[in-house]
Structures are given as structure tokens and as C-alpha cells.
>>> print(open('model-v8.cif').read())   # mmCIF, C-alpha atoms and all ligand atoms
data_model
loop_
_atom_site.label_atom_id
_atom_site.label_comp_id
_atom_site.auth_asym_id
_atom_site.auth_seq_id
_atom_site.Cartn_x
_atom_site.Cartn_y
_atom_site.Cartn_z
CA MET R 1 45.10 34.30 81.92
CA LYS R 2 47.97 32.07 80.82
CA TRP R 3 51.19 33.86 79.97
CA ILE R 4 53.90 32.24 77.89
CA ASP R 5 56.75 33.56 79.98
CA LEU R 6 60.12 33.15 78.28
CA ARG R 7 61.94 35.82 80.32
CA SER R 8 63.77 33.25 82.44
CA ASP R 9 63.45 29.85 84.08
CA THR R 10 63.39 31.75 87.38
CA VAL R 11 59.70 32.47 86.66
CA THR R 12 58.74 28.81 87.11
CA TRP R 13 55.96 28.16 89.59
CA PRO R 14 56.14 25.21 91.97
CA THR R 15 54.38 22.05 90.78
CA ASP R 16 51.31 20.63 92.59
CA GLU R 17 53.53 17.91 94.05
CA MET R 18 55.83 20.58 95.47
CA ARG R 19 52.93 22.49 97.01
CA ARG R 20 51.70 19.28 98.68
CA ALA R 21 55.18 18.44 99.96
CA MET R 22 55.54 21.98 101.33
CA ALA R 23 52.22 21.76 103.17
CA GLU R 24 53.15 18.44 104.74
CA ALA R 25 56.85 19.13 105.46
CA GLU R 26 58.29 18.13 108.81
CA VAL R 27 60.11 21.18 110.19
CA GLY R 28 62.39 22.32 113.01
CA ASP R 29 64.69 25.25 113.72
CA ASP R 30 67.37 25.00 111.06
CA VAL R 31 69.75 27.39 112.85
CA PHE R 32 69.83 24.78 115.65
CA GLY R 33 70.33 22.16 112.91
CA ASP R 34 66.92 20.70 113.84
CA ASP R 35 65.00 20.86 110.57
CA PRO R 36 64.83 17.27 109.27
CA THR R 37 63.68 18.32 105.79
CA VAL R 38 66.51 20.83 105.34
CA ASN R 39 68.98 18.25 106.65
CA ARG R 40 67.69 15.70 104.16
CA LEU R 41 67.86 18.14 101.26
CA GLU R 42 71.45 19.07 102.14
CA GLN R 43 72.42 15.41 102.33
CA VAL R 44 70.64 14.38 99.12
CA ALA R 45 72.14 17.37 97.25
CA ALA R 46 75.66 16.61 98.48
CA GLU R 47 75.37 12.94 97.51
CA ARG R 48 73.96 13.80 94.10
CA LEU R 49 76.90 16.12 93.36
CA GLY R 50 79.47 13.75 94.87
CA LYS R 51 80.49 16.08 97.72
CA GLU R 52 80.57 15.56 101.50
CA ALA R 53 78.09 18.17 102.67
CA GLY R 54 75.51 20.72 101.56
CA LEU R 55 74.10 24.04 102.73
CA PHE R 56 70.61 25.26 101.85
CA VAL R 57 70.67 28.95 100.93
CA ALA R 58 68.04 31.47 99.92
CA SER R 59 69.28 32.05 96.36
CA GLY R 60 71.98 31.39 93.82
CA THR R 61 73.44 34.80 94.60
CA MET R 62 73.68 33.91 98.30
CA GLY R 63 75.24 30.54 97.45
CA ASN R 64 77.97 32.14 95.36
CA LEU R 65 78.51 34.87 97.96
CA VAL R 66 78.89 32.59 100.97
CA ALA R 67 81.05 30.21 98.93
CA MET R 68 83.44 33.02 98.04
CA LEU R 69 83.40 34.39 101.59
CA ALA R 70 84.33 30.91 102.80
CA HIS R 71 87.13 30.49 100.22
CA CYS R 72 88.64 34.00 100.35
CA GLY R 73 89.60 36.57 102.97
CA ARG R 74 89.55 40.35 102.53
CA GLY R 75 91.96 41.46 99.81
CA ASP R 76 92.17 37.98 98.27
CA GLU R 77 91.48 37.57 94.60
CA VAL R 78 89.07 35.40 92.60
CA ILE R 79 89.62 34.77 88.88
CA LEU R 80 86.28 34.61 87.05
CA GLY R 81 84.70 35.29 83.67
CA ASP R 82 84.11 38.89 82.62
CA GLN R 83 80.54 37.82 81.83
CA ALA R 84 80.08 35.60 84.87
CA HIS R 85 76.85 36.14 86.79
CA THR R 86 78.86 36.75 89.96
CA PHE R 87 80.90 39.47 88.25
CA VAL R 88 78.04 41.18 86.40
CA TYR R 89 74.72 40.47 88.14
CA GLU R 90 75.36 39.95 91.86
CA ALA R 91 75.55 43.63 92.79
CA GLY R 92 79.27 43.43 93.51
CA GLY R 93 78.47 41.53 96.72
CA ILE R 94 81.82 39.75 96.98
CA SER R 95 83.60 43.13 97.01
CA ALA R 96 80.99 45.04 99.01
CA LEU R 97 80.68 42.48 101.77
CA GLY R 98 83.83 40.36 101.55
CA GLY R 99 86.51 42.76 100.28
CA ILE R 100 87.21 40.11 97.64
CA HIS R 101 88.96 41.42 94.54
CA PRO R 102 87.53 40.09 91.26
CA HIS R 103 90.03 39.43 88.46
CA PRO R 104 87.95 39.03 85.30
CA VAL R 105 89.21 37.13 82.25
CA PRO R 106 87.37 36.97 78.92
CA VAL R 107 84.61 34.44 78.35
CA LEU R 108 84.94 32.91 74.87
CA PRO R 109 81.88 32.30 72.63
CA ASP R 110 81.97 28.61 73.72
CA GLY R 111 81.52 29.69 77.34
CA THR R 112 85.04 28.77 78.47
CA LEU R 113 87.69 31.01 79.99
CA PRO R 114 90.94 30.42 78.06
CA LEU R 115 93.33 28.36 80.19
CA ASP R 116 96.21 30.66 79.19
CA ALA R 117 94.24 33.68 80.39
CA ILE R 118 93.52 31.99 83.73
CA ARG R 119 97.17 31.02 84.09
CA ALA R 120 98.29 34.56 83.26
CA ALA R 121 95.86 35.98 85.82
CA ILE R 122 97.31 33.93 88.72
CA ARG R 123 99.47 36.29 90.78
CA PRO R 124 103.08 35.34 91.46
CA LEU R 125 103.70 34.41 95.09
CA GLY R 126 105.72 36.57 97.46
CA ASN R 127 105.15 39.99 95.90
CA THR R 128 103.44 42.37 98.32
CA HIS R 129 102.02 44.46 95.46
CA PHE R 130 99.51 41.84 94.41
CA PRO R 131 96.27 40.62 95.95
CA PRO R 132 96.85 36.89 96.60
CA THR R 133 94.92 34.66 94.19
CA ARG R 134 92.82 32.14 96.15
CA LEU R 135 90.04 30.98 93.86
CA ILE R 136 89.00 30.29 90.27
CA ALA R 137 85.27 30.41 89.53
CA LEU R 138 83.50 28.92 86.50
CA GLU R 139 79.84 29.12 85.51
CA ASN R 140 78.07 26.05 84.08
CA THR R 141 75.92 26.51 82.07
CA GLN R 142 77.40 29.87 81.08
CA GLY R 143 74.23 31.93 81.30
CA THR R 144 75.24 35.08 79.49
CA VAL R 145 76.88 33.21 76.61
CA GLY R 146 74.07 31.15 75.15
CA GLY R 147 73.53 28.93 78.19
CA ILE R 148 76.39 26.80 76.90
CA PRO R 149 77.48 23.78 78.95
CA LEU R 150 81.15 23.46 79.89
CA SER R 151 82.48 19.92 79.39
CA LYS R 152 83.93 17.67 82.07
CA ALA R 153 87.28 17.66 80.24
CA TYR R 154 87.44 21.47 80.34
CA THR R 155 86.33 21.63 83.99
CA ASP R 156 88.93 19.00 84.91
CA SER R 157 91.65 20.98 83.17
CA VAL R 158 90.74 24.13 85.15
CA GLY R 159 90.68 22.02 88.33
CA ALA R 160 94.16 20.69 87.54
CA LEU R 161 95.42 24.24 86.97
CA ALA R 162 93.91 25.34 90.28
CA ARG R 163 95.56 22.47 92.17
CA GLU R 164 98.91 23.10 90.49
CA HIS R 165 98.83 26.60 92.05
CA GLY R 166 97.25 25.68 95.40
CA LEU R 167 93.96 27.40 94.48
CA SER R 168 90.37 26.28 94.92
CA LEU R 169 87.75 25.93 92.19
CA HIS R 170 84.14 27.06 92.65
CA ILE R 171 81.42 26.41 90.09
CA ASP R 172 78.35 28.59 89.83
CA GLY R 173 76.23 25.67 88.71
CA ALA R 174 72.92 27.53 88.81
CA ARG R 175 71.94 25.31 85.85
CA ILE R 176 74.39 22.43 86.36
CA PHE R 177 71.66 19.84 85.76
CA ASN R 178 70.94 21.43 82.37
CA ALA R 179 74.66 21.14 81.62
CA ALA R 180 74.81 17.48 82.69
CA THR R 181 71.68 16.71 80.64
CA ALA R 182 73.02 18.39 77.50
CA LEU R 183 76.41 16.71 77.82
CA GLY R 184 74.95 13.31 78.76
CA VAL R 185 77.25 13.01 81.79
CA ASP R 186 76.61 12.30 85.45
CA VAL R 187 76.43 15.56 87.37
CA ALA R 188 78.86 14.34 90.08
CA ALA R 189 81.45 13.49 87.42
CA LEU R 190 80.96 16.88 85.79
CA VAL R 191 81.82 18.76 89.00
CA GLU R 192 84.40 16.28 90.32
CA ALA R 193 87.23 18.80 89.97
CA ALA R 194 85.41 21.52 91.91
CA ASP R 195 85.90 22.23 95.61
CA SER R 196 82.47 23.84 95.82
CA VAL R 197 79.37 24.12 93.65
CA THR R 198 76.22 26.23 93.96
CA PHE R 199 73.16 24.96 92.12
CA CYS R 200 69.67 26.43 91.95
CA LEU R 201 66.47 24.62 92.85
CA SER R 202 64.37 27.56 91.73
CA LYS R 203 65.21 27.74 88.02
CA GLY R 204 64.55 24.85 85.63
CA LEU R 205 63.89 22.56 88.62
CA CYS R 206 60.77 24.64 89.48
CA ALA R 207 61.13 24.98 93.27
CA PRO R 208 59.85 28.36 94.45
CA VAL R 209 62.94 29.33 96.48
CA GLY R 210 66.46 28.21 97.15
CA SER R 211 69.82 26.92 96.08
CA VAL R 212 72.27 24.47 97.61
CA LEU R 213 76.00 24.97 98.08
CA VAL R 214 77.99 21.74 98.29
CA GLY R 215 81.61 20.96 99.18
CA SER R 216 83.74 19.30 101.84
CA ARG R 217 82.35 19.05 105.37
CA GLU R 218 84.96 21.50 106.65
CA PHE R 219 84.23 24.02 103.85
CA ILE R 220 80.47 23.82 104.41
CA GLU R 221 80.91 24.53 108.13
CA ARG R 222 82.78 27.75 107.23
CA ALA R 223 80.10 28.61 104.66
CA ARG R 224 77.38 27.99 107.27
CA ARG R 225 78.96 30.69 109.44
CA MET R 226 79.12 33.03 106.43
CA ARG R 227 75.45 32.35 105.69
CA LYS R 228 74.67 33.40 109.29
CA ILE R 229 76.74 36.58 108.83
CA VAL R 230 74.74 37.63 105.76
CA GLY R 231 71.47 36.95 107.59
CA GLY R 232 70.72 33.74 105.72
CA GLY R 233 70.15 31.50 108.76
CA MET R 234 66.53 30.48 108.25
CA ARG R 235 64.32 28.80 110.85
CA GLN R 236 61.52 26.41 109.72
CA ALA R 237 63.00 26.36 106.25
CA GLY R 238 61.81 22.78 105.75
CA VAL R 239 58.70 24.13 104.02
CA LEU R 240 61.04 25.41 101.30
CA ALA R 241 63.45 22.48 101.36
CA ALA R 242 60.51 20.09 100.82
CA ALA R 243 59.97 21.61 97.38
CA GLY R 244 63.72 21.35 96.78
CA LEU R 245 63.62 17.62 97.48
CA VAL R 246 60.84 17.16 94.93
CA ALA R 247 62.94 19.23 92.50
CA LEU R 248 65.97 16.98 92.95
CA GLU R 249 64.00 13.75 92.90
CA HIS R 250 61.59 14.44 90.03
CA MET R 251 62.60 17.44 87.95
CA THR R 252 66.15 16.76 86.75
CA ASP R 253 65.32 13.88 84.41
CA ARG R 254 62.89 15.98 82.34
CA LEU R 255 65.23 18.89 81.51
CA HIS R 256 65.84 17.43 78.04
CA GLU R 257 62.25 18.48 77.23
CA ASP R 258 63.19 22.13 77.85
CA HIS R 259 66.23 21.71 75.63
CA GLU R 260 64.07 20.20 72.87
CA ASN R 261 61.66 23.13 73.12
CA ALA R 262 64.56 25.60 72.95
CA ARG R 263 65.74 23.81 69.81
CA LEU R 264 62.24 23.95 68.31
CA LEU R 265 62.12 27.69 68.99
CA ALA R 266 65.63 28.27 67.65
CA GLU R 267 65.00 26.33 64.44
CA GLY R 268 61.76 28.21 63.83
CA LEU R 269 63.53 31.53 64.41
CA ALA R 270 66.33 30.54 62.03
CA GLU R 271 63.74 30.27 59.23
CA MET R 272 62.60 33.88 59.70
CA PRO R 273 64.43 36.31 57.40
CA GLN R 274 64.17 39.11 60.01
CA ILE R 275 66.01 37.13 62.71
CA GLU R 276 69.70 36.60 63.40
CA ILE R 277 70.57 33.48 65.35
CA ASN R 278 73.52 31.16 65.84
CA LEU R 279 71.96 27.70 66.04
CA GLU R 280 75.20 26.13 67.27
CA SER R 281 75.04 28.05 70.52
CA VAL R 282 71.60 26.64 71.40
CA GLN R 283 72.54 23.63 73.51
CA THR R 284 70.39 23.87 76.64
CA ASN R 285 67.27 25.89 77.54
CA MET R 286 68.38 29.33 76.33
CA VAL R 287 67.91 30.92 72.93
CA PHE R 288 69.71 34.18 72.21
CA PHE R 289 68.67 35.94 69.01
CA GLY R 290 68.64 39.35 67.40
CA LEU R 291 66.70 41.48 64.93
CA LYS R 292 68.38 42.14 61.58
CA ASP R 293 69.31 45.77 60.85
CA ASP R 294 66.43 46.33 58.42
CA VAL R 295 63.74 45.41 60.97
CA PRO R 296 62.06 48.73 61.86
CA LEU R 297 61.00 47.61 65.37
CA SER R 298 63.37 47.67 68.33
CA ALA R 299 63.58 44.69 70.68
CA PRO R 300 61.70 46.54 73.47
CA GLN R 301 58.96 47.56 70.99
CA LEU R 302 58.57 44.00 69.75
CA SER R 303 58.53 42.70 73.31
CA GLU R 304 55.72 45.18 74.09
CA ARG R 305 53.70 44.01 71.06
CA LEU R 306 54.09 40.38 72.02
CA LYS R 307 52.23 41.06 75.28
CA ALA R 308 49.05 41.27 73.19
CA HIS R 309 49.74 37.61 72.29
CA ASN R 310 50.22 36.72 75.99
CA ILE R 311 53.98 36.35 75.47
CA LEU R 312 56.64 37.76 77.80
CA LEU R 313 60.07 38.02 76.16
CA LEU R 314 63.06 39.80 77.66
CA PRO R 315 64.98 42.26 75.45
CA LEU R 316 68.70 42.25 76.32
CA ASN R 317 69.33 45.51 74.50
CA ALA R 318 67.88 47.49 71.57
CA ARG R 319 68.24 44.58 69.12
CA ARG R 320 68.66 41.31 71.05
CA PHE R 321 66.60 38.91 73.13
CA ARG R 322 67.12 35.94 75.43
CA ALA R 323 64.32 33.37 75.55
CA VAL R 324 64.43 30.64 78.19
CA THR R 325 62.34 27.47 78.07
CA HIS R 326 61.18 25.64 81.19
CA TYR R 327 58.59 23.27 82.70
CA TRP R 328 55.67 25.62 82.04
CA ILE R 329 56.50 26.02 78.33
CA ARG R 330 55.09 23.29 76.09
CA PRO R 331 55.83 22.65 72.37
CA GLU R 332 52.45 24.19 71.44
CA ASP R 333 53.49 27.40 73.26
CA VAL R 334 56.64 27.53 71.15
CA ILE R 335 54.55 27.18 67.98
CA TRP R 336 52.34 30.03 69.20
CA VAL R 337 55.39 32.22 69.88
CA LEU R 338 56.78 31.57 66.39
CA ALA R 339 53.41 32.35 64.75
CA SER R 340 53.06 35.55 66.82
CA LEU R 341 56.55 36.70 65.92
CA GLN R 342 55.84 36.02 62.26
CA LYS R 343 52.72 38.21 62.46
CA GLU R 344 54.45 41.08 64.23
CA LEU R 345 57.51 41.03 61.97
CA ALA R 346 55.61 40.64 58.65
N1 LIG H 1 70.13 34.56 86.79
C1 LIG H 1 68.94 35.30 86.44
C2 LIG H 1 69.23 36.80 86.36
O1 LIG H 1 69.83 37.24 87.54
C3 LIG H 1 70.10 37.19 85.21
C4 LIG H 1 68.42 34.79 85.11
O2 LIG H 1 67.28 35.13 84.79
O3 LIG H 1 69.14 34.03 84.42
N2 LIG H 1 74.12 32.21 88.62
C5 LIG H 1 73.59 32.21 87.40
C6 LIG H 1 74.36 31.61 86.28
C7 LIG H 1 72.32 32.79 87.18
O4 LIG H 1 71.84 32.79 85.95
C8 LIG H 1 71.62 33.33 88.27
C9 LIG H 1 70.27 33.99 88.07
C10 LIG H 1 72.22 33.29 89.53
C11 LIG H 1 73.48 32.72 89.68
C12 LIG H 1 71.57 33.89 90.76
O5 LIG H 1 70.48 33.16 91.18
P1 LIG H 1 69.36 33.86 92.10
O6 LIG H 1 68.48 34.63 91.17
O7 LIG H 1 68.68 32.69 92.74
O8 LIG H 1 70.06 34.71 93.08
#
>>> encode(input="model-v8.cif", output="C-alpha cells", more="lines below")
Ligand code: TLP
Amino acid sequence: MKWIDLRSDTVTWPTDEMRRAMAEAEVGDDVFGDDPTVNRLEQVAAERLGKEAGLFVASGTMGNLVAMLAHCGRGDEVILGDQAHTFVYEAGGISALGGIHPHPVPVLPDGTLPLDAIRAAIRPLGNTHFPPTRLIALENTQGTVGGIPLSKAYTDSVGALAREHGLSLHIDGARIFNAATALGVDVAALVEAADSVTFCLSKGLCAPVGSVLVGSREFIERARRMRKIVGGGMRQAGVLAAAGLVALEHMTDRLHEDHENARLLAEGLAEMPQIEINLESVQTNMVFFGLKDDVPLSAPQLSERLKAHNILLLPLNARRFRAVTHYWIRPEDVIWVLASLQKELA
């Protein structure tokens, strides 16, 4: 049975080409540095993002964790968005495992952290009361705020602020290729100001597992040790990296299709009197929308009813949803979703 699964782009299955590449992958022991497919993926990823080196990790969460462990020591502080994935959805790993102190600043509706708020959050030097600020972290696209892409100009201005204060800049670029596609900029230029970037192979790019952390050679060597500490040293990981290479080579240029489908969905929703949606915020593959007050169904109830139409839709709370388009969602699926919603809300 085919499900139209809009819960996330993490649900994407590997393509046939990926499955073939996985079956045929040349492998070695990656902890010895011997896996040629992992080595190639790390090199291709680093080149693509304009950095010196890459590190294949099991997940986006692991990429952000080992990046922060490599940037910060115990008691050091990272400034990040109060709705950043690392702050909200990574189980407090940076604090639990690294003793890293998060200093959240508000995320604005356009996905940015106000520069003034970042500046105000940087601790003055030489005062023993404060945890030393080491790192600023951005998220692009900003997943919890519409999936909005952050521009190169904004990223550069945060990078300049970081350098002015001797800090590093990390980007959680789980969906950085969606951001680059939406903005029409080269991905390396977009992350030029960052010292490190994590991006996910297993979201819109369809690989079954994995993310890559990129940065300077020296930084990646420290991160490699941190990956070992958290148990992320994998052995014949080339079977996974092979799918990642297909993802990087063949799946980034088609992301505009997911954005077009998100737009199609959003515009259809905007025509329904029962739905509340801000069309301006729909810029990549995410559509956030809500039920108007007079709709008698709750979001979880509606989500339950949609299962009878073979649709999986994630309620965010009692009234709101997030729908995410991806490779396995076609325009005709979007039309089906809109028709099903119309029926259930009539
Ligand atoms: N996000 C998932 C959920 O955890 C919310 C999703 O469905 O969107 N950074 C960002 C911006 C993310 O959105 C995610 C996953 C991650 C990091 C973590 O990636 P994984 O799931 O590979 O650990």
C-alpha cells in the first residue's frame, strides 16, 4: 500500500540507484581510515561545501554533537536559537555529554537570530562569573520556523560578528541544499563564513542513513576523535556512504521539485476557508498550517482521519501541522491530499 507520507523528509526511502550502489560498494575498516567509499564521500562533501575535510557521521544529531564537542570544552558556551534543533530536539546532548552551556536567543519569524541579540549574548572576557562564549550556531534551513532559508548576507554578517569576538560559527545545515536551491546560490558560497557545517544525506537527499560534518582539516581531526568517544566510529560504513555519494551527485539538483510541490500544497491550503497559513513563509519543502478556531476537529483527530486516505500528516499541537514534501511525493499526491482535506473538513 502506498502512503503519502508528509510527516518529514526523514521518511524518504533510498532510490534504486542508491540500493545498487550500496550492494556494490567497495569497503574497508573506516576506523583504520581504510574505507575507500567513506573517504570519497568525505572528500566530495568537503569540496562541495568549500571546506578542507569531511567526517561521515551516523545522523544530523551526531554531526551537531561532535561539532560542538570539537569546538567547545566543558563549561564553554554556545549561542544558538531558542528554536534550534540542537537546543530543542537533540535530547540536551551537548550539555549531557559535553558540559556545554547553551545560551538561547530568540529566532525571528524570518528564521534569523537578531544580530543585536547575538552580540548581547556574547560574554565579556575576563570575568570569572561567566561561562566563556566559544561558538555561535545557526540552522539553515530553520526547520522549526517554516523551513526558511537564511541568506548568504545574513550568514556572512554572523560570521563577521563571530570573528570580531574570536568565536567560531557552526551551521546545522541539515537542509543546506534546500536553502541553496531556494536562494539560488552556490552552497559553498552560502556557508563560506562558517567554520563547520553539518548536512544530512538522509532527508531530502534520500540516503537511508548519515550526515557529513565539514570544516578545516585540523577541526575534523578533533571531531573524528569526538565521534569515536560517542561510539560513532563505524567499520565497513562504505555501504552507507555509497548511498550518500549518489545523494550528493544526483539528488541535490532536483530539490526545486519538492519546493514546487510544497508551494502547490500551500496555495491549495490557502484557498480553504478552514485553514490558516502564511504563504510567505513557504520557501522550501515545509508547509506549516493551522486549523481555524471554528473547525470542530483537532489536528490529531484530522491526522487520524487522513489515514483512511493513505495520508500521514504530523500534528505539531492541537491545532497546527507541519507537512514536508520530498522525492516520494509527486504533484498528483499533493492534489490527492488537498481533495482529502476538503472532504474531511467539509
Ligand atoms: N529533524 C527531524 C526531527 O528531529 C524534528 C525532522 O523531522 O525535521 N537538524 C535539523 C534542522 C533537523 O531538522 C534534524 C532532524 C536534525 C538536525 C537531526 O537529524 P537526525 O534526525 O539525522 O539526527
>>> closest_residue(input="model-v8.cif", among="R:Ala25, R:Val158, R:Val295, R:Val209", to="ligand LIG 1 (chain H)", atoms="only C-alpha atoms and all ligand atoms")
R:Val209
>>> residues_near_point(input="model-v8.cif", point="(81.1, 29.4, 94.0)", cutoff="7 Å", atoms="all atoms listed in the file", output="PyMOL selection string")
chain R and resi 63-64+67-68+137+170-172+196-198
>>> residues_near_ligand(input="model-v8.cif", ligand="ligand LIG 1 (chain H)", cutoff="9 Å", atoms="all atoms listed in the file", output="PyMOL selection string")
chain R and resi 7-11+58-64+84-86+88-90+139-144+147+172-175+198-203+209-211+324
>>> residues_around(input="model-v8.cif", residues="Thr112 in chain R", least_positions_apart="4", cutoff="10 Å", atoms="all atoms listed in the file", output="list in words")
Gly81, Pro106, Val107, Leu108, Leu138, Glu139, Asn140, Gln142, Val145, Ile148, Pro149, Leu150, Ser151, Tyr154, Thr155 and Val158 of chain R
>>> residues_around(input="model-v8.cif", residues="range 228-235 of chain R", least_positions_apart="5", cutoff="7 Å", atoms="all atoms listed in the file", output="number ranges by chain")
R: 29-31, 57-58
>>> residues_around(input="model-v8.cif", residues="range 262-269 of chain R", least_positions_apart="2", cutoff="10 Å", atoms="all atoms listed in the file", output="PyMOL selection string")
chain R and resi 256-260+271-290+323-326+329+331+333-335+337-339+341-342
>>> closest_residue(input="model-v8.cif", among="R:Ser157, R:Thr252, R:Gln236, R:Asn261", to="Met22 in chain R", atoms="all atoms listed in the file")
R:Gln236
>>> residues_around(input="model-v8.cif", residues="Leu135 in chain R", least_positions_apart="2", cutoff="8 Å", atoms="all atoms listed in the file", output="PDB file with C-alpha atoms, in the frame of the given file")
ATOM      1  CA  HIS R  71      87.130  30.490 100.220  1.00  0.00           C
ATOM      2  CA  CYS R  72      88.640  34.000 100.350  1.00  0.00           C
ATOM      3  CA  GLU R  77      91.480  37.570  94.600  1.00  0.00           C
ATOM      4  CA  VAL R  78      89.070  35.400  92.600  1.00  0.00           C
ATOM      5  CA  ILE R  79      89.620  34.770  88.880  1.00  0.00           C
ATOM      6  CA  THR R 133      94.920  34.660  94.190  1.00  0.00           C
ATOM      7  CA  ALA R 137      85.270  30.410  89.530  1.00  0.00           C
ATOM      8  CA  ALA R 162      93.910  25.340  90.280  1.00  0.00           C
ATOM      9  CA  LEU R 167      93.960  27.400  94.480  1.00  0.00           C
ATOM     10  CA  SER R 168      90.370  26.280  94.920  1.00  0.00           C
ATOM     11  CA  LEU R 169      87.750  25.930  92.190  1.00  0.00           C
ATOM     12  CA  HIS R 170      84.140  27.060  92.650  1.00  0.00           C
TER      13      HIS R 170
END
>>> atom_distance(input="model-v8.cif", atom1="CA of Glu42 in chain R", atom2="CA of Thr15 in chain R")
20.7 Å
>>> closest_residue(input="model-v8.cif", among="R:Pro114, R:Gly166, R:Gly159, R:Gly204", to="Trp328 in chain R", atoms="all atoms listed in the file")
R:Gly204
>>> atom_distance(input="model-v8.cif", atom1="CA of Val38 in chain R", atom2="CA of Ala243 in chain R")
10.3 Å
>>> residues_around(input="model-v8.cif", residues="Met1 in chain R", least_positions_apart="5", cutoff="12 Å", atoms="all atoms listed in the file", output="count of residues only")
5
>>> atom_distance(input="model-v8.cif", atom1="CA of Pro208 in chain R", atom2="CA of Ile220 in chain R")
23.3 Å
>>> closest_residue(input="model-v8.cif", among="R:Asp110, R:Asp76, R:Asp293, R:Glu47", to="Ile94 in chain R", atoms="only C-alpha atoms")
R:Asp76
>>> closest_residue(input="model-v8.cif", among="R:Asn39, R:Ser216, R:Gln301, R:Thr181", to="Ala70 in chain R", atoms="only C-alpha atoms")
R:Ser216
>>> closest_residue(input="model-v8.cif", among="R:Cys206, R:Lys343, R:Phe87, R:Ala270", to="Thr12 in chain R", atoms="only C-alpha atoms")
R:Cys206
>>> build_atoms(input="model-v8.cif", residues="range 176-191 of chain R", atoms="N, CA and C atoms", output="PDB file, in the frame of the given file")
ATOM      1  N   ILE R 176      73.453  23.543  86.584  1.00  0.00           N
ATOM      2  CA  ILE R 176      74.390  22.430  86.360  1.00  0.00           C
ATOM      3  C   ILE R 176      73.663  21.184  85.862  1.00  0.00           C
ATOM      4  N   PHE R 177      72.384  21.013  86.244  1.00  0.00           N
ATOM      5  CA  PHE R 177      71.660  19.840  85.760  1.00  0.00           C
ATOM      6  C   PHE R 177      71.305  19.986  84.274  1.00  0.00           C
ATOM      7  N   ASN R 178      71.119  21.231  83.813  1.00  0.00           N
ATOM      8  CA  ASN R 178      70.940  21.430  82.370  1.00  0.00           C
ATOM      9  C   ASN R 178      72.234  21.067  81.645  1.00  0.00           C
ATOM     10  N   ALA R 179      73.372  21.446  82.245  1.00  0.00           N
ATOM     11  CA  ALA R 179      74.660  21.140  81.620  1.00  0.00           C
ATOM     12  C   ALA R 179      74.852  19.625  81.544  1.00  0.00           C
ATOM     13  N   ALA R 180      74.608  18.942  82.660  1.00  0.00           N
ATOM     14  CA  ALA R 180      74.810  17.480  82.690  1.00  0.00           C
ATOM     15  C   ALA R 180      73.895  16.788  81.687  1.00  0.00           C
ATOM     16  N   THR R 181      72.647  17.292  81.585  1.00  0.00           N
ATOM     17  CA  THR R 181      71.680  16.710  80.640  1.00  0.00           C
ATOM     18  C   THR R 181      72.173  16.893  79.207  1.00  0.00           C
ATOM     19  N   ALA R 182      72.597  18.113  78.877  1.00  0.00           N
ATOM     20  CA  ALA R 182      73.020  18.390  77.500  1.00  0.00           C
ATOM     21  C   ALA R 182      74.267  17.590  77.133  1.00  0.00           C
ATOM     22  N   LEU R 183      75.156  17.409  78.112  1.00  0.00           N
ATOM     23  CA  LEU R 183      76.410  16.710  77.820  1.00  0.00           C
ATOM     24  C   LEU R 183      76.257  15.194  77.932  1.00  0.00           C
ATOM     25  N   GLY R 184      75.149  14.751  78.555  1.00  0.00           N
ATOM     26  CA  GLY R 184      74.950  13.310  78.760  1.00  0.00           C
ATOM     27  C   GLY R 184      75.947  12.735  79.750  1.00  0.00           C
ATOM     28  N   VAL R 185      76.318  13.525  80.774  1.00  0.00           N
ATOM     29  CA  VAL R 185      77.250  13.010  81.790  1.00  0.00           C
ATOM     30  C   VAL R 185      76.584  13.076  83.168  1.00  0.00           C
ATOM     31  N   ASP R 186      77.097  12.268  84.073  1.00  0.00           N
ATOM     32  CA  ASP R 186      76.610  12.300  85.450  1.00  0.00           C
ATOM     33  C   ASP R 186      77.060  13.618  86.082  1.00  0.00           C
ATOM     34  N   VAL R 187      76.138  14.231  86.838  1.00  0.00           N
ATOM     35  CA  VAL R 187      76.430  15.560  87.370  1.00  0.00           C
ATOM     36  C   VAL R 187      77.617  15.521  88.343  1.00  0.00           C
ATOM     37  N   ALA R 188      77.751  14.432  89.115  1.00  0.00           N
ATOM     38  CA  ALA R 188      78.860  14.340  90.080  1.00  0.00           C
ATOM     39  C   ALA R 188      80.203  14.292  89.334  1.00  0.00           C
ATOM     40  N   ALA R 189      80.210  13.566  88.205  1.00  0.00           N
ATOM     41  CA  ALA R 189      81.450  13.490  87.420  1.00  0.00           C
ATOM     42  C   ALA R 189      81.782  14.859  86.838  1.00  0.00           C
ATOM     43  N   LEU R 190      80.745  15.565  86.415  1.00  0.00           N
ATOM     44  CA  LEU R 190      80.960  16.880  85.790  1.00  0.00           C
ATOM     45  C   LEU R 190      81.621  17.859  86.744  1.00  0.00           C
ATOM     46  N   VAL R 191      81.280  17.773  88.037  1.00  0.00           N
ATOM     47  CA  VAL R 191      81.820  18.760  89.000  1.00  0.00           C
ATOM     48  C   VAL R 191      82.896  18.144  89.898  1.00  0.00           C
TER      49      VAL R 191
END
